[in-house]
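*Asks:* Got a structure here, written out as structure tokens. Questions coming.
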Amino acid sequence: MAQAKTLSQVELDQVLNYVSTKKYALRDRAIILTSFLGGLRVAEIASLKMGDVVNLDGTIKNEIRLSAEQTKGKHPRTVFVSQRLQTELATYLMTRHIKDPSIPFFHTDNRLGFTANGLCVWFHQLYKNVGISGGSSHSGRKFFITTLANKGIGVRILASLAGHRSIAVTQRYIDVNDEQK
């Protein structure tokens with residue numbers, strides 16, 4: 001299976017501009033940026049509940065603690081939420097009327113949560129509609145890891161942030177481009 005495309009900043013901006021015209025623009029933007037700025041897998045994004053993301057006082061948490069059941073490797077991990085992502089999630093949260101900790105954080109048209117497969121299809125269709133070939137639900141994780149690697153973050157830290165138990169797996173996520181060479 002081919003590796004997911006790592007989007008450039010220009011392509012990410014194209015995607016964000018496209019979703020800004022959609023019915024659920026703030027939700028769509030928050031989903032995309034949760035992948036690109038938080039490095040979450042699509043199944044992890046789909047599994048998020050209000051209580052995972054929102055503090056009791058209604059603010060966005062600094063850290064999202066994913067349980068073993070929410071992660072691919074069945075190992076709990078902590079996702080650090082940057083200030084930029086906190087702001088994006090808080091903006092989306094203003095569109096939600098019900099804030100019960102047990103309901104899905106990201107809703108679908110019928111107000112239910114996404115399935116992992118449904119969100120995968122959603123990302124595939126999104127990239128197709130924008131005209132980005134090779135984009136997939138994993139493109140955000142690749143962008144997240146590559147961006148941090150380009151800032152000089154060590155591969156062991158990257159592996160921890162991505163929830164990888166092997167740095168060899170993490171290294172496959174890091175794209176090299178002509179500008180770096």
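In the structure tokens, chains take the letters A, B, ... in the order shown, each chain's residues start at 1, and ligands count up from 1 in the order shown.
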His164 of chain A: which residues within 12 Å, counting only C-alpha atoms, same-chain residues fewer than 4 positions away excluded, as a PDB file with C-alpha atoms, in the first residue's frame?
*Replies:*
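Result saved to out-v8.pdb:
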ATOM      1  CA  GLY A  39      -0.934  14.006  15.176  1.00  0.00           C
ATOM      2  CA  LEU A  40      -3.925  11.843  16.080  1.00  0.00           C
ATOM      3  CA  ARG A  41      -4.866   8.817  14.016  1.00  0.00           C
ATOM      4  CA  THR A  71      -5.202   3.750  20.422  1.00  0.00           C
ATOM      5  CA  LYS A  72      -4.003   1.477  17.649  1.00  0.00           C
ATOM      6  CA  GLY A  73      -1.420  -0.351  19.736  1.00  0.00           C
ATOM      7  CA  LYS A  74      -3.656  -0.634  22.822  1.00  0.00           C
ATOM      8  CA  HIS A  75      -1.182   1.468  24.800  1.00  0.00           C
ATOM      9  CA  PRO A  76      -2.536   4.615  26.462  1.00  0.00           C
ATOM     10  CA  ARG A  77      -0.831   7.861  25.527  1.00  0.00           C
ATOM     11  CA  ARG A 141       0.037  12.515  11.039  1.00  0.00           C
ATOM     12  CA  ILE A 145       5.746  14.316  12.436  1.00  0.00           C
ATOM     13  CA  VAL A 155      13.076  10.890  16.686  1.00  0.00           C
ATOM     14  CA  ARG A 156      12.576   9.382  20.167  1.00  0.00           C
ATOM     15  CA  ILE A 157      10.404  12.323  21.171  1.00  0.00           C
ATOM     16  CA  LEU A 158       8.567  12.121  17.842  1.00  0.00           C
ATOM     17  CA  ALA A 159       7.897   8.415  18.432  1.00  0.00           C
ATOM     18  CA  SER A 160       6.479   9.178  21.854  1.00  0.00           C
ATOM     19  CA  ALA A 168      11.850   2.827  12.861  1.00  0.00           C
ATOM     20  CA  VAL A 169       8.104   3.281  12.352  1.00  0.00           C
ATOM     21  CA  THR A 170       8.373   6.986  13.150  1.00  0.00           C
ATOM     22  CA  GLN A 171      11.231   7.442  10.696  1.00  0.00           C
ATOM     23  CA  ARG A 172       8.994   6.207   7.861  1.00  0.00           C
ATOM     24  CA  TYR A 173       6.688   9.168   8.545  1.00  0.00           C
TER      25      TYR A 173
END
*Asks:* What lies within 7 Å of segment 46-50 of chain A using only C-alpha atoms, ignoring chain neighbours under 3 positions off, as JSON, numbers by chain?
*Replies:* {"A": [42, 43, 53, 54, 70, 99, 100, 101, 102, 103, 104, 105, 113, 114, 115, 116, 119]}
*Asks:* Excluding Arg29 of chain A and any residue of its chain fewer than 4 positions from it, enumerate the residues within 10 Å of it, using only C-alpha atoms, and give them as a PyMOL selection string.
*Replies:* chain A and resi 15-20+22+24-25+33-34+88-89+91-92
*Asks:* Which residue gives the smallest distance to Ile64 of chain A among A:Met94, A:Cys120, A:Leu26, A:Leu161, with only C-alpha atoms counted?
*Replies:*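 With only C-alpha atoms as the atom set, the closest residue is A:Leu161.
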*Asks:* A:Gly163, A:Thr146, A:Leu85, A:Gly140: which is nearest Arg65 of chain A, counting only C-alpha atoms?
*Replies:* A:Gly163
*Asks:* Using only C-alpha atoms, which residue out of A:Ala4, A:Val79, A:Ile60, A:Leu12 lies closest to Ile45 of chain A?
*Replies:*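 So, comparing all the options, the nearest one is A:Val79.
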*Asks:* Just asking: which residues within chain A are alpha helix (DSSP H) according to DSSP, as an MDAnalysis selection string?
*Replies:* chainID A and resid 9:19 25:38 42:47 50:53 83:93 116:130 139:150 155:162 167:173
*Asks:* Assign secondary structure with DSSP using the backbone only, and return the residues of chain A in strand (DSSP E or B) as a short mmCIF file (atom, residue, chain, number, x, y, z; two decimals) with C-alpha atoms, in the first residue's frame.
*Replies:*
data_model
loop_
_atom_site.label_atom_id
_atom_site.label_comp_id
_atom_site.auth_asym_id
_atom_site.auth_seq_id
_atom_site.Cartn_x
_atom_site.Cartn_y
_atom_site.Cartn_z
CA LYS A 49 -15.61 12.10 23.66
CA VAL A 54 -13.19 19.51 27.47
CA ILE A 60 -10.19 22.82 26.17
CA GLU A 63 -3.57 17.26 27.23
CA ILE A 64 -5.82 14.58 25.80
CA ARG A 65 -5.29 11.28 27.55
CA LEU A 66 -6.12 8.49 25.14
CA ARG A 77 -0.83 7.86 25.53
CA THR A 78 -1.04 11.56 26.12
CA VAL A 79 -1.56 14.00 23.26
CA PHE A 80 -0.34 17.50 24.02
CA PRO A 104 -18.72 12.19 20.76
CA HIS A 107 -20.57 14.92 15.36
CA GLY A 113 -20.09 10.33 16.28
#
*Asks:* Could you check which of A:Ala149, A:Gln125, A:Val130, A:Asp57 is closest to Asp13 of chain A, using only C-alpha atoms?
*Replies:*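 Among the listed residues, A:Val130 lies closest to Asp13 of chain A.
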*Asks:* For Asp175 of chain A, list every protein, DNA or RNA residue within 12 Å, evaluated using only C-alpha atoms, and leave out those in the same chain fewer than 5 positions away; present the list as a PDB file with C-alpha atoms, in the first residue's frame.
*Replies:*
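Saved file around_13.pdb follows:
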ATOM      1  CA  GLN A   3       2.369   5.870   1.764  1.00  0.00           C
ATOM      2  CA  ALA A   4       0.037   8.773   2.483  1.00  0.00           C
ATOM      3  CA  LYS A   5       1.031  12.068   0.922  1.00  0.00           C
ATOM      4  CA  THR A   6       2.546  14.640   3.261  1.00  0.00           C
ATOM      5  CA  LEU A   7       0.762  17.857   2.394  1.00  0.00           C
ATOM      6  CA  SER A   8       2.628  21.127   2.056  1.00  0.00           C
ATOM      7  CA  SER A 139      -1.608  12.751   5.771  1.00  0.00           C
ATOM      8  CA  ARG A 141       0.037  12.515  11.039  1.00  0.00           C
ATOM      9  CA  LYS A 142       2.786  12.608   8.418  1.00  0.00           C
ATOM     10  CA  PHE A 143       2.576  16.416   8.322  1.00  0.00           C
ATOM     11  CA  PHE A 144       2.690  16.574  12.138  1.00  0.00           C
ATOM     12  CA  ILE A 145       5.746  14.316  12.436  1.00  0.00           C
ATOM     13  CA  THR A 146       7.600  15.808   9.446  1.00  0.00           C
ATOM     14  CA  THR A 147       7.007  19.383  10.639  1.00  0.00           C
ATOM     15  CA  LEU A 148       8.392  18.616  14.100  1.00  0.00           C
ATOM     16  CA  ALA A 149      11.346  16.701  12.624  1.00  0.00           C
ATOM     17  CA  ASN A 150      12.144  19.725  10.450  1.00  0.00           C
ATOM     18  CA  THR A 170       8.373   6.986  13.150  1.00  0.00           C
ATOM     19  CA  GLN A 180      15.990  20.404   2.972  1.00  0.00           C
ATOM     20  CA  LYS A 181      18.734  18.863   0.814  1.00  0.00           C
TER      21      LYS A 181
END
